[in-house]
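Coordinates from query_33.cif are shown below (mmCIF, C-alpha atoms).
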```
data_my_file
loop_
_atom_site.label_atom_id
_atom_site.label_comp_id
_atom_site.auth_asym_id
_atom_site.auth_seq_id
_atom_site.Cartn_x
_atom_site.Cartn_y
_atom_site.Cartn_z
CA MET Z 1 -3.52 4.47 10.20
CA ARG Z 2 -2.69 1.52 12.36
CA ASN Z 3 -5.36 -0.12 14.40
CA ASP Z 4 -4.70 -3.52 15.85
CA ASP Z 5 -8.31 -3.94 16.94
CA LYS Z 6 -9.53 -3.47 13.38
CA LYS Z 7 -7.10 -6.15 12.24
CA ARG Z 8 -9.01 -8.75 14.20
CA GLN Z 9 -12.38 -7.75 12.81
CA SER Z 10 -12.04 -8.51 9.12
CA GLY Z 11 -10.84 -11.53 7.19
CA CYS Z 12 -10.10 -9.37 4.16
CA PRO Z 13 -6.52 -9.74 2.90
CA VAL Z 14 -6.39 -6.13 1.70
CA ALA Z 15 -7.27 -4.91 5.21
CA PHE Z 16 -4.82 -7.42 6.72
CA GLY Z 17 -1.99 -6.10 4.57
CA LEU Z 18 -2.80 -2.47 5.27
CA ASP Z 19 -3.03 -3.10 9.00
CA THR Z 20 0.26 -4.99 9.03
CA PHE Z 21 2.53 -2.73 6.99
CA GLY Z 22 0.34 -0.09 5.40
CA ASP Z 23 0.60 2.97 7.57
CA ARG Z 24 2.65 5.61 5.81
CA TRP Z 25 5.58 5.66 8.22
CA SER Z 26 5.95 1.88 8.41
CA PHE Z 27 6.04 1.72 4.65
CA VAL Z 28 8.55 4.55 4.36
CA ILE Z 29 10.86 2.72 6.81
CA ILE Z 30 10.53 -0.44 4.67
CA ARG Z 31 11.48 1.69 1.65
CA GLU Z 32 14.55 3.04 3.45
CA ILE Z 33 15.81 -0.49 4.13
CA MET Z 34 14.71 -2.12 0.88
CA LEU Z 35 15.65 0.50 -1.71
CA ARG Z 36 18.19 2.69 0.06
CA GLY Z 37 20.14 0.22 2.14
CA LYS Z 38 19.55 2.09 5.42
CA LYS Z 39 20.09 0.03 8.54
CA THR Z 40 20.30 2.06 11.71
CA TYR Z 41 17.98 4.20 13.82
CA ASN Z 42 20.05 7.29 13.08
CA GLU Z 43 19.95 6.65 9.35
CA PHE Z 44 16.14 6.35 9.48
CA LEU Z 45 15.96 9.61 11.45
CA GLU Z 46 17.71 11.38 8.57
CA MET Z 47 15.11 10.43 5.92
CA GLU Z 48 13.92 13.32 3.80
CA GLU Z 49 10.32 13.13 5.05
CA GLY Z 50 11.47 13.97 8.59
CA ILE Z 51 10.17 11.32 10.98
CA ALA Z 52 9.77 12.12 14.70
CA THR Z 53 11.78 9.92 17.09
CA ASN Z 54 8.72 8.63 18.97
CA ILE Z 55 6.99 7.63 15.72
CA LEU Z 56 10.15 5.98 14.42
CA ALA Z 57 10.59 3.97 17.63
CA ASP Z 58 6.92 2.94 17.58
CA ARG Z 59 6.96 1.82 13.94
CA LEU Z 60 10.24 -0.10 14.29
CA LYS Z 61 8.77 -1.95 17.24
CA HIS Z 62 5.56 -2.62 15.29
CA LEU Z 63 7.43 -3.94 12.23
CA GLN Z 64 9.50 -6.19 14.50
CA VAL Z 65 6.41 -7.56 16.25
CA GLU Z 66 4.89 -8.25 12.82
CA GLY Z 67 8.03 -10.15 11.80
CA ILE Z 68 8.79 -7.81 8.89
CA ILE Z 69 12.11 -6.53 10.21
CA ALA Z 70 14.71 -8.02 12.55
CA LYS Z 71 16.93 -6.17 15.01
CA ALA Z 72 20.48 -7.30 15.80
CA PRO Z 73 23.42 -5.77 17.66
CA ASN Z 74 25.60 -3.61 15.43
CA PRO Z 75 29.04 -5.28 15.22
CA ASP Z 76 30.65 -1.89 14.50
CA ASN Z 77 29.05 -0.06 17.41
CA ARG Z 78 28.03 -1.79 20.60
CA ARG Z 79 25.58 0.98 21.46
CA SER Z 80 23.47 0.67 18.31
CA TYR Z 81 21.48 -1.90 16.36
CA ILE Z 82 21.17 -3.05 12.77
CA TYR Z 83 17.67 -3.43 11.32
CA SER Z 84 17.08 -5.70 8.35
CA LEU Z 85 14.17 -7.15 6.41
CA THR Z 86 13.12 -10.71 7.19
CA GLY Z 87 11.86 -13.04 4.45
CA LYS Z 88 8.35 -11.78 5.19
CA GLY Z 89 9.60 -8.21 4.78
CA LEU Z 90 11.46 -8.97 1.56
CA ASP Z 91 8.25 -10.49 0.20
CA LEU Z 92 6.86 -6.95 0.23
CA ALA Z 93 9.20 -6.14 -2.68
CA PRO Z 94 6.56 -6.80 -5.40
CA ILE Z 95 4.15 -4.41 -3.64
CA VAL Z 96 6.82 -1.71 -3.32
CA LEU Z 97 7.77 -2.14 -6.99
CA GLU Z 98 4.14 -1.95 -8.14
CA ILE Z 99 3.68 1.27 -6.16
CA VAL Z 100 6.83 2.75 -7.69
CA PHE Z 101 5.65 1.69 -11.14
CA TRP Z 102 2.20 3.24 -10.68
CA SER Z 103 3.70 6.46 -9.35
CA GLY Z 104 6.22 6.56 -12.18
CA LYS Z 105 3.29 6.50 -14.59
CA TYR Z 106 1.21 9.17 -12.84
CA ASP Z 107 3.57 11.44 -10.91
CA ASP Z 108 4.33 14.29 -13.31
CA ARG Z 109 5.87 16.64 -10.77
CA PRO Z 110 9.18 17.90 -12.16
CA PHE Z 111 11.12 16.74 -9.10
CA ALA Z 112 9.71 13.19 -9.17
CA VAL Z 113 12.55 10.71 -8.71
CA ARG Z 114 12.50 8.10 -11.49
CA THR Z 115 15.61 6.04 -10.78
CA VAL Z 116 13.83 2.96 -9.43
CA PHE Z 117 10.98 3.31 -11.94
CA ASN Z 118 13.49 3.19 -14.80
CA LYS Z 119 15.16 0.12 -13.31
CA ILE Z 120 11.80 -1.66 -13.03
CA LYS Z 121 10.85 -0.67 -16.56
CA LYS Z 122 14.14 -2.00 -17.91
CA ASP Z 123 14.25 -5.32 -16.05
CA ARG Z 124 11.64 -5.86 -13.38
CA SER Z 125 12.42 -9.39 -12.28
CA GLY Z 126 16.16 -8.72 -12.41
CA PHE Z 127 15.72 -5.70 -10.16
CA GLU Z 128 13.57 -7.65 -7.72
CA ALA Z 129 16.18 -10.43 -7.61
CA GLN Z 130 18.84 -7.80 -6.95
CA ILE Z 131 16.86 -6.47 -3.97
CA ARG Z 132 16.46 -9.95 -2.53
CA ASP Z 133 20.12 -10.82 -3.05
CA SER Z 134 21.38 -7.65 -1.41
CA HIS Z 135 19.40 -8.37 1.76
CA ILE Z 136 20.34 -11.99 2.36
CA MET M 1 -2.48 8.99 7.09
CA ARG M 2 -3.06 11.56 4.41
CA ASN M 3 -1.03 14.71 4.31
CA ASP M 4 -1.12 16.83 1.19
CA ASP M 5 1.73 19.06 2.39
CA LYS M 6 4.02 16.07 2.75
CA LYS M 7 3.23 15.08 -0.83
CA ARG M 8 4.90 18.19 -2.13
CA GLN M 9 8.07 17.71 -0.11
CA SER M 10 9.45 14.48 -1.50
CA GLY M 11 10.10 13.24 -5.02
CA CYS M 12 9.99 9.63 -3.84
CA PRO M 13 7.51 7.48 -5.79
CA VAL M 14 6.74 5.30 -2.76
CA ALA M 15 5.75 8.40 -0.76
CA PHE M 16 3.79 9.75 -3.77
CA GLY M 17 1.79 6.54 -4.02
CA LEU M 18 1.09 6.36 -0.30
CA ASP M 19 0.02 9.99 -0.19
CA THR M 20 -2.26 9.55 -3.20
CA PHE M 21 -4.11 6.34 -2.36
CA GLY M 22 -2.38 4.82 0.64
CA ASP M 23 -4.43 5.80 3.65
CA ARG M 24 -6.33 2.82 4.94
CA TRP M 25 -9.81 4.08 4.20
CA SER M 26 -9.05 5.25 0.68
CA PHE M 27 -7.60 1.86 -0.10
CA VAL M 28 -10.51 -0.01 1.43
CA ILE M 29 -12.91 2.03 -0.75
CA ILE M 30 -10.82 1.11 -3.80
CA ARG M 31 -11.11 -2.54 -2.75
CA GLU M 32 -14.91 -2.25 -2.43
CA ILE M 33 -15.15 -0.98 -6.02
CA MET M 34 -12.44 -3.13 -7.58
CA LEU M 35 -13.04 -6.52 -5.98
CA ARG M 36 -16.61 -6.33 -4.73
CA GLY M 37 -18.37 -4.33 -7.40
CA LYS M 38 -19.71 -1.72 -4.95
CA LYS M 39 -20.76 1.53 -6.55
CA THR M 40 -22.82 3.76 -4.28
CA TYR M 41 -22.31 5.76 -1.11
CA ASN M 42 -24.75 3.54 0.77
CA GLU M 43 -23.00 0.37 -0.36
CA PHE M 44 -19.67 1.75 0.88
CA LEU M 45 -21.27 2.63 4.22
CA GLU M 46 -22.20 -1.02 4.68
CA MET M 47 -18.62 -2.33 4.42
CA GLU M 48 -17.66 -4.73 7.19
CA GLU M 49 -14.96 -2.43 8.63
CA GLY M 50 -17.61 0.18 9.47
CA ILE M 51 -16.60 3.52 7.97
CA ALA M 52 -17.97 6.78 9.43
CA THR M 53 -19.98 8.96 7.03
CA ASN M 54 -17.69 11.97 7.37
CA ILE M 55 -14.59 9.86 6.62
CA LEU M 56 -16.31 8.19 3.68
CA ALA M 57 -17.34 11.55 2.19
CA ASP M 58 -13.83 12.94 2.70
CA ARG M 59 -12.09 9.96 1.09
CA LEU M 60 -14.47 9.82 -1.88
CA LYS M 61 -13.78 13.49 -2.51
CA HIS M 62 -10.03 12.90 -2.15
CA LEU M 63 -10.03 9.95 -4.57
CA GLN M 64 -12.02 12.00 -7.06
CA VAL M 65 -9.60 14.94 -6.83
CA GLU M 66 -6.73 12.50 -7.39
CA GLY M 67 -8.47 11.16 -10.51
CA ILE M 68 -8.71 7.62 -9.13
CA ILE M 69 -12.50 7.43 -9.08
CA ALA M 70 -15.21 9.18 -11.09
CA LYS M 71 -18.67 10.19 -9.90
CA ALA M 72 -21.71 10.13 -12.20
CA PRO M 73 -25.47 10.44 -11.69
CA ASN M 74 -27.14 7.12 -10.93
CA PRO M 75 -29.50 6.36 -13.84
CA ASP M 76 -31.66 4.24 -11.51
CA ASN M 77 -31.98 6.82 -8.75
CA ARG M 78 -31.83 10.54 -9.42
CA ARG M 79 -30.90 11.27 -5.81
CA SER M 80 -27.74 9.15 -5.76
CA TYR M 81 -24.45 8.74 -7.61
CA ILE M 82 -22.42 5.92 -9.08
CA TYR M 83 -18.71 5.81 -8.28
CA SER M 84 -16.33 3.97 -10.57
CA LEU M 85 -12.59 3.51 -11.04
CA THR M 86 -10.90 5.57 -13.73
CA GLY M 87 -8.02 4.15 -15.79
CA LYS M 88 -5.66 5.57 -13.15
CA GLY M 89 -7.68 3.76 -10.48
CA LEU M 90 -7.78 0.49 -12.39
CA ASP M 91 -4.01 0.69 -12.72
CA LEU M 92 -3.90 0.12 -8.96
CA ALA M 93 -5.02 -3.48 -9.60
CA PRO M 94 -1.48 -4.93 -9.60
CA ILE M 95 -0.81 -3.28 -6.20
CA VAL M 96 -4.07 -4.61 -4.77
CA LEU M 97 -3.33 -8.10 -6.10
CA GLU M 98 0.22 -8.09 -4.68
CA ILE M 99 -1.15 -7.08 -1.27
CA VAL M 100 -3.74 -9.88 -1.41
CA PHE M 101 -1.03 -12.32 -2.46
CA TRP M 102 1.29 -11.30 0.39
CA SER M 103 -1.52 -11.50 2.93
CA GLY M 104 -2.61 -14.87 1.58
CA LYS M 105 0.88 -16.13 2.30
CA TYR M 106 1.18 -14.67 5.80
CA ASP M 107 -2.32 -14.32 7.24
CA ASP M 108 -2.88 -17.54 9.15
CA ARG M 109 -5.96 -16.40 11.06
CA PRO M 110 -8.66 -19.04 10.70
CA PHE M 111 -11.18 -16.55 9.32
CA ALA M 112 -8.86 -15.13 6.67
CA VAL M 113 -10.73 -14.87 3.37
CA ARG M 114 -8.78 -16.61 0.61
CA THR M 115 -11.13 -16.34 -2.37
CA VAL M 116 -9.17 -13.67 -4.25
CA PHE M 117 -5.83 -15.16 -3.20
CA ASN M 118 -6.83 -18.48 -4.74
CA LYS M 119 -7.91 -16.76 -7.95
CA ILE M 120 -4.56 -14.95 -8.19
CA LYS M 121 -2.66 -18.14 -7.47
CA LYS M 122 -4.54 -19.99 -10.18
CA ASP M 123 -4.37 -17.37 -12.93
CA ARG M 124 -3.01 -14.01 -11.98
CA SER M 125 -3.02 -12.21 -15.32
CA GLY M 126 -6.41 -13.68 -16.19
CA PHE M 127 -7.87 -12.38 -12.95
CA GLU M 128 -6.35 -8.94 -13.48
CA ALA M 129 -7.79 -8.85 -17.00
CA GLN M 130 -11.17 -9.84 -15.58
CA ILE M 131 -11.05 -6.91 -13.12
CA ARG M 132 -10.18 -4.48 -15.87
CA ASP M 133 -12.87 -5.83 -18.21
CA SER M 134 -15.58 -5.64 -15.58
CA HIS M 135 -14.89 -1.94 -14.95
CA ILE M 136 -14.78 -0.62 -18.48
#
```

Hey, can you dump this file as structure tokens for me?
Amino acid sequence: MRNDDKKRQSGCPVAFGLDTFGDRWSFVIIREIMLRGKKTYNEFLEMEEGIATNILADRLKHLQVEGIIAKAPNPDNRRSYIYSLTGKGLDLAPIVLEIVFWSGKYDDRPFAVRTVFNKIKKDRSGFEAQIRDSHI
Amino acid sequence: MRNDDKKRQSGCPVAFGLDTFGDRWSFVIIREIMLRGKKTYNEFLEMEEGIATNILADRLKHLQVEGIIAKAPNPDNRRSYIYSLTGKGLDLAPIVLEIVFWSGKYDDRPFAVRTVFNKIKKDRSGFEAQIRDSHI
């Protein structure tokens, strides 16, 4: 859920965070950039969850307005853009890692992907540093 | 957004987490219990964001099915129930604290509430321990 009116009503930091980045699609886009190195509109469109083009365009715009991602011309293709995390976006890394860690503990579905969980378990701060380095 | 079909489609831990606890209202209910010591249906109804009764009932049921909260008869009032966080729910504390920390850094609205942020900044692991202790 994303409701910009609600955001103005409460001083609660949990509500602020959820209103800023917390709708499912926004967060999945952040995951695509942060953990999977995706950068372009077409790459986001191919994500396994199957995002609709209008939702993708809306959430990219929202994340840009919130200062979480930046959009720049793609040097390899004049007709497309590169999206990247800003410092504010990269600062979401601890939240993403805590979610992955929690899910790694409680998701017992046989097809659960545990690659990132195992990296966090092995060396959490090293993995977070690696994320930050790869996006600067 | 909460979509139980989607949950079965992806092995991604970020998506698993968001589908389990990540819709705005579920998370705000978790906040009410974890950080504000709220326990009853009527207390949740009074939250500042103004939750509708049908949404509240739906999310409480959802969080119970997911094993994040437990429901028990209220010893003080036979006609009501006490909701509490399970171990699985308490394990969401690091995620909640990271969200509060991020918001504390980036929410510059004059009415932003910084009480919990300041506690985390001062003694993060102590505050997390305090949350866990107060719910066991």

The PyMOL selection byres ((chain Z) within 8 of (chain M)) applied to the shown file, residues as a PyMOL selection string: chain Z and resi 1+6+9-19+22-24+28+31+48-49+88+91-92+94-96+98-100+102-104+106-107+109+111-114

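The closest residue to Z:Leu85, picked from Z:Leu45, Z:Ile51, Z:Ile120, Z:Leu60 and counting only C-alpha atoms, is Z:Leu60.
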
Interatomic distance, atom CA of M:Ser84 to atom CA of M:Ile33 (Å, one decimal): 6.8 Å

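Each of M:Ser26, M:Asn54, M:Asn77, M:Ser134 was compared to M:Leu90 using all atoms listed in the file, and M:Ser134 turns out to be the nearest.
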
Write out as a VMD selection string the residues lying within 12 Å of Z:Lys39, counting all atoms listed in the file and excluding same-chain residues fewer than 2 positions away. chain Z and resid 29 to 37 41 to 47 60 69 to 74 80 to 85 135

Same residues, C-alpha atoms, output as a short mmCIF file (atom, residue, chain, number, x, y, z; two decimals), in the coordinates of the input:
```
data_model
loop_
_atom_site.label_atom_id
_atom_site.label_comp_id
_atom_site.auth_asym_id
_atom_site.auth_seq_id
_atom_site.Cartn_x
_atom_site.Cartn_y
_atom_site.Cartn_z
CA ILE Z 29 10.86 2.72 6.81
CA ILE Z 30 10.53 -0.44 4.67
CA ARG Z 31 11.48 1.69 1.65
CA GLU Z 32 14.55 3.04 3.45
CA ILE Z 33 15.81 -0.49 4.13
CA MET Z 34 14.71 -2.12 0.88
CA LEU Z 35 15.65 0.50 -1.71
CA ARG Z 36 18.19 2.69 0.06
CA GLY Z 37 20.14 0.22 2.14
CA TYR Z 41 17.98 4.20 13.82
CA ASN Z 42 20.05 7.29 13.08
CA GLU Z 43 19.95 6.65 9.35
CA PHE Z 44 16.14 6.35 9.48
CA LEU Z 45 15.96 9.61 11.45
CA GLU Z 46 17.71 11.38 8.57
CA MET Z 47 15.11 10.43 5.92
CA LEU Z 60 10.24 -0.10 14.29
CA ILE Z 69 12.11 -6.53 10.21
CA ALA Z 70 14.71 -8.02 12.55
CA LYS Z 71 16.93 -6.17 15.01
CA ALA Z 72 20.48 -7.30 15.80
CA PRO Z 73 23.42 -5.77 17.66
CA ASN Z 74 25.60 -3.61 15.43
CA SER Z 80 23.47 0.67 18.31
CA TYR Z 81 21.48 -1.90 16.36
CA ILE Z 82 21.17 -3.05 12.77
CA TYR Z 83 17.67 -3.43 11.32
CA SER Z 84 17.08 -5.70 8.35
CA LEU Z 85 14.17 -7.15 6.41
CA HIS Z 135 19.40 -8.37 1.76
#
```

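When atom CA of M:Gln64 is paired with atom CA of M:Gly87, their separation reads 12.4 Å.
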
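From atom CA of Z:Ala52 back to atom CA of Z:Ile136, the distance works out to 29.1 Å.
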
Mind completing stretch 113-127 of chain M with N, CA and C atoms? Output as an mmCIF file, in the coordinates of the input, please?
```cif
data_model
loop_
_atom_site.group_PDB
_atom_site.id
_atom_site.type_symbol
_atom_site.label_atom_id
_atom_site.label_comp_id
_atom_site.auth_asym_id
_atom_site.auth_seq_id
_atom_site.Cartn_x
_atom_site.Cartn_y
_atom_site.Cartn_z
ATOM 1 N N VAL M 113 -9.990 -14.583 4.613
ATOM 2 C CA VAL M 113 -10.730 -14.870 3.370
ATOM 3 C C VAL M 113 -9.727 -15.109 2.244
ATOM 4 N N ARG M 114 -9.808 -16.238 1.579
ATOM 5 C CA ARG M 114 -8.780 -16.610 0.610
ATOM 6 C C ARG M 114 -9.311 -16.705 -0.823
ATOM 7 N N THR M 115 -10.508 -16.223 -1.045
ATOM 8 C CA THR M 115 -11.130 -16.340 -2.370
ATOM 9 C C THR M 115 -10.268 -15.673 -3.452
ATOM 10 N N VAL M 116 -9.932 -14.394 -3.241
ATOM 11 C CA VAL M 116 -9.170 -13.670 -4.250
ATOM 12 C C VAL M 116 -7.750 -14.219 -4.347
ATOM 13 N N PHE M 117 -7.161 -14.561 -3.207
ATOM 14 C CA PHE M 117 -5.830 -15.160 -3.200
ATOM 15 C C PHE M 117 -5.792 -16.401 -4.087
ATOM 16 N N ASN M 118 -6.791 -17.252 -3.935
ATOM 17 C CA ASN M 118 -6.830 -18.480 -4.740
ATOM 18 C C ASN M 118 -6.977 -18.180 -6.229
ATOM 19 N N LYS M 119 -7.769 -17.147 -6.543
ATOM 20 C CA LYS M 119 -7.910 -16.760 -7.950
ATOM 21 C C LYS M 119 -6.579 -16.265 -8.517
ATOM 22 N N ILE M 120 -5.856 -15.470 -7.726
ATOM 23 C CA ILE M 120 -4.560 -14.950 -8.190
ATOM 24 C C ILE M 120 -3.578 -16.098 -8.395
ATOM 25 N N LYS M 121 -3.589 -17.012 -7.432
ATOM 26 C CA LYS M 121 -2.660 -18.140 -7.470
ATOM 27 C C LYS M 121 -2.896 -18.993 -8.719
ATOM 28 N N LYS M 122 -4.155 -19.137 -9.055
ATOM 29 C CA LYS M 122 -4.540 -19.990 -10.180
ATOM 30 C C LYS M 122 -4.194 -19.319 -11.520
ATOM 31 N N ASP M 123 -4.573 -18.047 -11.652
ATOM 32 C CA ASP M 123 -4.370 -17.370 -12.930
ATOM 33 C C ASP M 123 -4.334 -15.862 -12.706
ATOM 34 N N ARG M 124 -3.159 -15.389 -12.388
ATOM 35 C CA ARG M 124 -3.010 -14.010 -11.980
ATOM 36 C C ARG M 124 -3.377 -13.016 -13.076
ATOM 37 N N SER M 125 -2.781 -13.209 -14.267
ATOM 38 C CA SER M 125 -3.020 -12.210 -15.320
ATOM 39 C C SER M 125 -4.458 -12.308 -15.822
ATOM 40 N N GLY M 126 -5.016 -13.519 -15.811
ATOM 41 C CA GLY M 126 -6.410 -13.680 -16.190
ATOM 42 C C GLY M 126 -7.336 -12.945 -15.229
ATOM 43 N N PHE M 127 -7.040 -13.042 -13.948
ATOM 44 C CA PHE M 127 -7.870 -12.380 -12.950
ATOM 45 C C PHE M 127 -7.751 -10.861 -13.061
#
```
